[in-house]
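Chemist: My structure is below; once you've seen it, I'll send some questions.
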Amino acid sequence: MYRKYREARWYSALANKKVRCYLCPRECVISDMQSGFCSVRKNVEGKLYSAAYGFPVALQIDPIEKKPFAEFMPGTKTFSIGTYGCNLNCFFCQNYHLSRGHYNEKQAGQYVSPESAAQLALKNECRSIAFTYNEPTIFAEYCIDTAREARKVGLASVLVTNGYITERAAQDLYPEIDAANIDMKGFSEEFYLSMTGTHLQPVLDAIKYLYKLGKHLEITNLLIPGKNDSDELIETFLDWTAKNLSAEVPIHFSAFHPDYKLHDVPHTPTETLHKIKEKAQSIGFSHIYLGNI
Ligand code: SF4
């Protein structure tokens, strides 16, 4: 018996009990009793359900700097929540045990309501709730309800996200949160397609929308040697950020370590990170942070 999951938002019913999910730009068409690419949105008799709603598989208290946020509520603790599933397929995933994980339908699981999550955060002296570890877009219904409960008790909500979301869903989710760190995987369509199985443009649209909303925004760029760390890609990324956002946006460049399907690529040399930081500063970026070094 399939356990009762929360009905999803952002889908439409199709013929023959199929549904189309439009939470992210994959827009999966899902047959009856099948799940979408992210593995946590399941069609049961023509209705789409979120298997992740209320079922976090990772709950932890972290310094907010660890997310990473360098300039949002520094020095405070955040109550981190993650589930299974992801809408990207990054060869270099550093959390693949969660992103490629699945819920076991035969186990009831520990339900954590949005109200309970907010109370747990308060009890643990956190100032915010972070939707993190795996991709929060795929459990956006839970993020929205939890962010609302968090706000009621004076807590902020933050997303650590890949930004791969449709405009319609972003318009529902992003206004509910206070800050986001968006992962820029690599500044080219070719990189997104070959290394993540998705596309760059929706991510750029999400970043611009979040910035336009006036939310606190930080961007993280994981540098993979020989894949996305060329001078040309980094310059194009910085140029786009300066023109479309601002050179005041905090940017994190972080070092890659071999993981998941990318074990034949070495760690990012520390010198590469310092060289990129100097380049960014030389063209006017003043909030540059280096990570994983
Ligand atoms: S959120 Fe999941 S089911 Fe929905 S379109 Fe994206 S990958 Fe497919």
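Residue numbers start at 1 in each chain; chains themselves are named A, B, ... in the order of the structure tokens; ligands are numbered from 1 in the order shown.
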Going by DSSP on the backbone, which bits of range 122-213 of chain A are alpha helix (DSSP H)? Write them as a PyMOL selection string, please.
Modeler: chain A and resi 122-123+140-152+167-173+189-196+201-212
Chemist: When the cut-off is 9 Å and you count only C-alpha atoms and all ligand atoms, which residues lie near ligand 1, shown as a PyMOL selection string?
Modeler: chain A and resi 10-11+20-30+35-42+48+85-88+137-140+164-166
Chemist: Print the selection's residues with N, CA and C atoms to a file, as a CSV table (one decimal), in the first residue's frame.
Modeler:
```
chain,number,residue,atom,x,y,z
A,10,TRP,N,1.6,22.5,-8.8
A,10,TRP,CA,2.4,22.7,-10.1
A,10,TRP,C,2.3,21.4,-10.9
A,11,TYR,N,1.1,20.9,-11.2
A,11,TYR,CA,1.0,19.8,-12.2
A,11,TYR,C,-0.4,19.9,-12.8
A,20,ARG,N,1.5,16.0,-15.9
A,20,ARG,CA,2.7,16.7,-16.3
A,20,ARG,C,3.0,17.6,-15.1
A,21,CYS,N,4.2,17.4,-14.6
A,21,CYS,CA,4.7,18.2,-13.4
A,21,CYS,C,5.4,19.4,-14.0
A,22,TYR,N,5.1,20.6,-13.6
A,22,TYR,CA,5.8,21.8,-14.1
A,22,TYR,C,6.5,22.6,-12.9
A,23,LEU,N,6.9,21.8,-11.9
A,23,LEU,CA,7.7,22.5,-10.9
A,23,LEU,C,9.1,22.9,-11.4
A,24,CYS,N,9.7,22.0,-12.2
A,24,CYS,CA,11.0,22.4,-12.7
A,24,CYS,C,11.0,22.2,-14.2
A,25,PRO,N,12.0,22.8,-14.9
A,25,PRO,CA,11.9,22.8,-16.4
A,25,PRO,C,12.0,21.5,-17.1
A,26,ARG,N,12.2,20.4,-16.3
A,26,ARG,CA,12.2,19.1,-17.0
A,26,ARG,C,10.7,18.8,-17.4
A,27,GLU,N,9.7,19.3,-16.7
A,27,GLU,CA,8.3,19.1,-17.1
A,27,GLU,C,8.0,17.6,-17.4
A,28,CYS,N,8.4,16.8,-16.4
A,28,CYS,CA,8.2,15.3,-16.6
A,28,CYS,C,6.7,15.0,-16.9
A,29,VAL,N,6.5,14.2,-17.9
A,29,VAL,CA,5.1,13.6,-18.1
A,29,VAL,C,5.2,12.2,-17.4
A,30,ILE,N,4.3,12.0,-16.4
A,30,ILE,CA,4.5,10.8,-15.5
A,30,ILE,C,3.3,9.9,-15.6
A,35,SER,N,7.2,7.7,-10.9
A,35,SER,CA,7.7,9.0,-10.4
A,35,SER,C,8.4,9.8,-11.4
A,36,GLY,N,8.5,11.1,-11.2
A,36,GLY,CA,9.3,11.9,-12.1
A,36,GLY,C,10.8,11.7,-11.9
A,37,PHE,N,11.6,12.4,-12.7
A,37,PHE,CA,13.0,12.2,-12.7
A,37,PHE,C,13.6,12.4,-11.3
A,38,CYS,N,13.1,13.3,-10.5
A,38,CYS,CA,13.6,13.6,-9.1
A,38,CYS,C,13.3,12.5,-8.1
A,39,SER,N,12.5,11.6,-8.5
A,39,SER,CA,12.1,10.4,-7.7
A,39,SER,C,11.2,10.6,-6.5
A,40,VAL,N,10.8,11.9,-6.2
A,40,VAL,CA,10.0,12.1,-5.1
A,40,VAL,C,8.6,12.7,-5.4
A,41,ARG,N,8.2,12.7,-6.7
A,41,ARG,CA,6.9,13.2,-7.1
A,41,ARG,C,6.3,12.1,-7.9
A,42,LYS,N,5.2,11.5,-7.3
A,42,LYS,CA,4.7,10.3,-7.8
A,42,LYS,C,3.2,10.4,-8.2
A,48,LEU,N,-0.8,13.9,-8.7
A,48,LEU,CA,0.6,13.9,-8.4
A,48,LEU,C,0.8,14.2,-6.9
A,85,GLY,N,16.2,13.0,-3.3
A,85,GLY,CA,15.8,13.4,-4.6
A,85,GLY,C,16.5,14.7,-5.1
A,86,CYS,N,16.6,14.7,-6.4
A,86,CYS,CA,17.1,15.9,-7.1
A,86,CYS,C,16.6,16.0,-8.5
A,87,ASN,N,16.5,17.2,-9.1
A,87,ASN,CA,16.1,17.3,-10.5
A,87,ASN,C,17.3,17.4,-11.4
A,88,LEU,N,18.5,17.5,-10.9
A,88,LEU,CA,19.7,17.5,-11.8
A,88,LEU,C,20.4,16.1,-11.7
A,137,THR,N,14.1,22.6,-4.4
A,137,THR,CA,13.0,22.9,-5.4
A,137,THR,C,12.0,21.7,-5.4
A,138,ILE,N,12.6,20.5,-5.4
A,138,ILE,CA,11.7,19.3,-5.6
A,138,ILE,C,10.8,19.0,-4.4
A,139,PHE,N,11.0,19.7,-3.3
A,139,PHE,CA,10.1,19.6,-2.1
A,139,PHE,C,9.5,21.0,-1.8
A,140,ALA,N,9.3,21.8,-2.8
A,140,ALA,CA,8.9,23.2,-2.7
A,140,ALA,C,7.6,23.4,-1.8
A,164,TYR,N,17.1,25.5,-10.6
A,164,TYR,CA,16.4,24.9,-11.8
A,164,TYR,C,14.9,24.7,-11.5
A,165,ILE,N,14.2,25.8,-11.8
A,165,ILE,CA,12.8,25.9,-11.4
A,165,ILE,C,12.1,26.6,-12.5
A,166,THR,N,10.8,26.3,-12.7
A,166,THR,CA,10.0,27.0,-13.7
A,166,THR,C,9.7,28.4,-13.1
```
Chemist: As a CSV table (one decimal) with C-alpha atoms, in the first residue's frame, please: the residues near Asp239 in chain A (cut-off 12 Å, only C-alpha atoms, same-chain neighbours under 3 positions excluded).
Modeler:
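Ended up saving to part06.csv:
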```csv
chain,number,residue,atom,x,y,z
A,187,PHE,CA,28.8,29.1,-17.0
A,231,ASP,CA,39.5,32.0,-17.8
A,232,GLU,CA,36.9,32.5,-20.5
A,233,LEU,CA,34.1,30.8,-18.5
A,234,ILE,CA,34.9,32.6,-15.3
A,235,GLU,CA,35.2,36.0,-17.1
A,236,THR,CA,31.8,35.4,-18.8
A,242,ALA,CA,28.0,42.5,-13.0
A,243,LYS,CA,25.7,43.4,-15.9
A,244,ASN,CA,22.5,41.6,-14.7
A,245,LEU,CA,22.9,41.8,-10.9
A,246,SER,CA,25.7,43.7,-9.3
A,247,ALA,CA,29.4,43.3,-8.4
A,279,LYS,CA,40.8,38.4,-11.1
A,280,ALA,CA,37.3,39.0,-9.6
A,283,ILE,CA,37.3,44.0,-12.0
A,284,GLY,CA,35.4,45.3,-9.0
A,285,PHE,CA,33.9,42.4,-7.1
```
Chemist: Work out how far CA of Tyr84 in chain A is from CA of Gly101 in chain A, in Å to one decimal.
Modeler: 5.1 Å
Chemist: Write down as an NGL selection string the residues of range 200-233 of chain A whose backbone DSSP state falls under strand (DSSP E).
Modeler: :A and (216-223)
Chemist: Could you write out the selected residues, including N, CA and C atoms, as a PDB file, in the first residue's frame?
Modeler:
```
ATOM      1  N   HIS A 216      18.048  38.381  -0.238  1.00  0.00           N
ATOM      2  CA  HIS A 216      19.498  38.275  -0.085  1.00  0.00           C
ATOM      3  C   HIS A 216      19.984  37.110  -0.959  1.00  0.00           C
ATOM      4  N   LEU A 217      20.934  37.402  -1.833  1.00  0.00           N
ATOM      5  CA  LEU A 217      21.404  36.396  -2.783  1.00  0.00           C
ATOM      6  C   LEU A 217      22.911  36.230  -2.691  1.00  0.00           C
ATOM      7  N   GLU A 218      23.350  34.982  -2.619  1.00  0.00           N
ATOM      8  CA  GLU A 218      24.767  34.666  -2.771  1.00  0.00           C
ATOM      9  C   GLU A 218      24.852  33.580  -3.842  1.00  0.00           C
ATOM     10  N   ILE A 219      25.972  33.522  -4.534  1.00  0.00           N
ATOM     11  CA  ILE A 219      26.138  32.536  -5.608  1.00  0.00           C
ATOM     12  C   ILE A 219      27.377  31.701  -5.311  1.00  0.00           C
ATOM     13  N   THR A 220      27.247  30.401  -5.530  1.00  0.00           N
ATOM     14  CA  THR A 220      28.409  29.511  -5.346  1.00  0.00           C
ATOM     15  C   THR A 220      28.793  28.897  -6.679  1.00  0.00           C
ATOM     16  N   ASN A 221      30.082  28.898  -6.961  1.00  0.00           N
ATOM     17  CA  ASN A 221      30.601  28.301  -8.193  1.00  0.00           C
ATOM     18  C   ASN A 221      31.653  27.249  -7.812  1.00  0.00           C
ATOM     19  N   LEU A 222      31.289  25.976  -7.970  1.00  0.00           N
ATOM     20  CA  LEU A 222      32.237  24.889  -7.699  1.00  0.00           C
ATOM     21  C   LEU A 222      33.174  24.780  -8.905  1.00  0.00           C
ATOM     22  N   LEU A 223      34.474  24.872  -8.649  1.00  0.00           N
ATOM     23  CA  LEU A 223      35.439  24.884  -9.760  1.00  0.00           C
ATOM     24  C   LEU A 223      36.019  23.494  -9.983  1.00  0.00           C
TER      25      LEU A 223
END
```
Chemist: To one decimal in Å, tell me the separation between CA of Val203 in chain A and CA of Thr146 in chain A.
Modeler: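 Value for the CA of Val203 in chain A-CA of Thr146 in chain A distance: 23.7 Å.
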Chemist: Set the distance at 10 Å and use only C-alpha atoms: which residues neighbour Tyr289 in chain A once local chain neighbours fewer than 5 positions away are removed? I'd like the list as a PyMOL selection string.
Modeler: chain A and resi 68-70+220+250-254+273-274+277
Chemist: Filtering to N, CA and C atoms, could you give me those residues as a PDB file, in the first residue's frame?
Modeler:
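The resulting file, part29.pdb, is shown below:
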```pdb
ATOM      1  N   PRO A  68      26.864  27.636   1.868  1.00  0.00           N
ATOM      2  CA  PRO A  68      27.464  28.720   2.623  1.00  0.00           C
ATOM      3  C   PRO A  68      26.717  30.044   2.441  1.00  0.00           C
ATOM      4  N   PHE A  69      26.552  30.763   3.581  1.00  0.00           N
ATOM      5  CA  PHE A  69      26.138  32.174   3.525  1.00  0.00           C
ATOM      6  C   PHE A  69      27.198  32.964   4.281  1.00  0.00           C
ATOM      7  N   ALA A  70      27.817  33.902   3.621  1.00  0.00           N
ATOM      8  CA  ALA A  70      28.858  34.694   4.275  1.00  0.00           C
ATOM      9  C   ALA A  70      28.295  35.983   4.854  1.00  0.00           C
ATOM     10  N   THR A 220      27.247  30.401  -5.530  1.00  0.00           N
ATOM     11  CA  THR A 220      28.409  29.511  -5.346  1.00  0.00           C
ATOM     12  C   THR A 220      28.793  28.897  -6.679  1.00  0.00           C
ATOM     13  N   PRO A 250      27.649  38.645  -3.137  1.00  0.00           N
ATOM     14  CA  PRO A 250      28.679  37.740  -2.621  1.00  0.00           C
ATOM     15  C   PRO A 250      28.796  36.482  -3.495  1.00  0.00           C
ATOM     16  N   ILE A 251      30.020  36.162  -3.868  1.00  0.00           N
ATOM     17  CA  ILE A 251      30.260  34.971  -4.693  1.00  0.00           C
ATOM     18  C   ILE A 251      31.252  34.058  -3.980  1.00  0.00           C
ATOM     19  N   HIS A 252      30.899  32.780  -3.927  1.00  0.00           N
ATOM     20  CA  HIS A 252      31.786  31.774  -3.327  1.00  0.00           C
ATOM     21  C   HIS A 252      32.380  30.930  -4.454  1.00  0.00           C
ATOM     22  N   PHE A 253      33.687  30.845  -4.502  1.00  0.00           N
ATOM     23  CA  PHE A 253      34.335  29.887  -5.400  1.00  0.00           C
ATOM     24  C   PHE A 253      34.808  28.749  -4.517  1.00  0.00           C
ATOM     25  N   SER A 254      34.360  27.531  -4.818  1.00  0.00           N
ATOM     26  CA  SER A 254      34.753  26.441  -3.925  1.00  0.00           C
ATOM     27  C   SER A 254      35.493  25.341  -4.685  1.00  0.00           C
ATOM     28  N   LEU A 273      42.015  28.873  -7.060  1.00  0.00           N
ATOM     29  CA  LEU A 273      41.014  29.653  -6.332  1.00  0.00           C
ATOM     30  C   LEU A 273      41.522  31.064  -6.056  1.00  0.00           C
ATOM     31  N   HIS A 274      42.764  31.164  -5.612  1.00  0.00           N
ATOM     32  CA  HIS A 274      43.319  32.493  -5.311  1.00  0.00           C
ATOM     33  C   HIS A 274      43.438  33.338  -6.578  1.00  0.00           C
ATOM     34  N   LYS A 277      40.036  34.609  -7.442  1.00  0.00           N
ATOM     35  CA  LYS A 277      39.632  35.664  -6.492  1.00  0.00           C
ATOM     36  C   LYS A 277      40.290  36.999  -6.881  1.00  0.00           C
TER      37      LYS A 277
END
```
Chemist: CA of Asp62 in chain A and CA of Ala180 in chain A are how many Å apart?
Modeler: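 So the answer is 15.8 Å.
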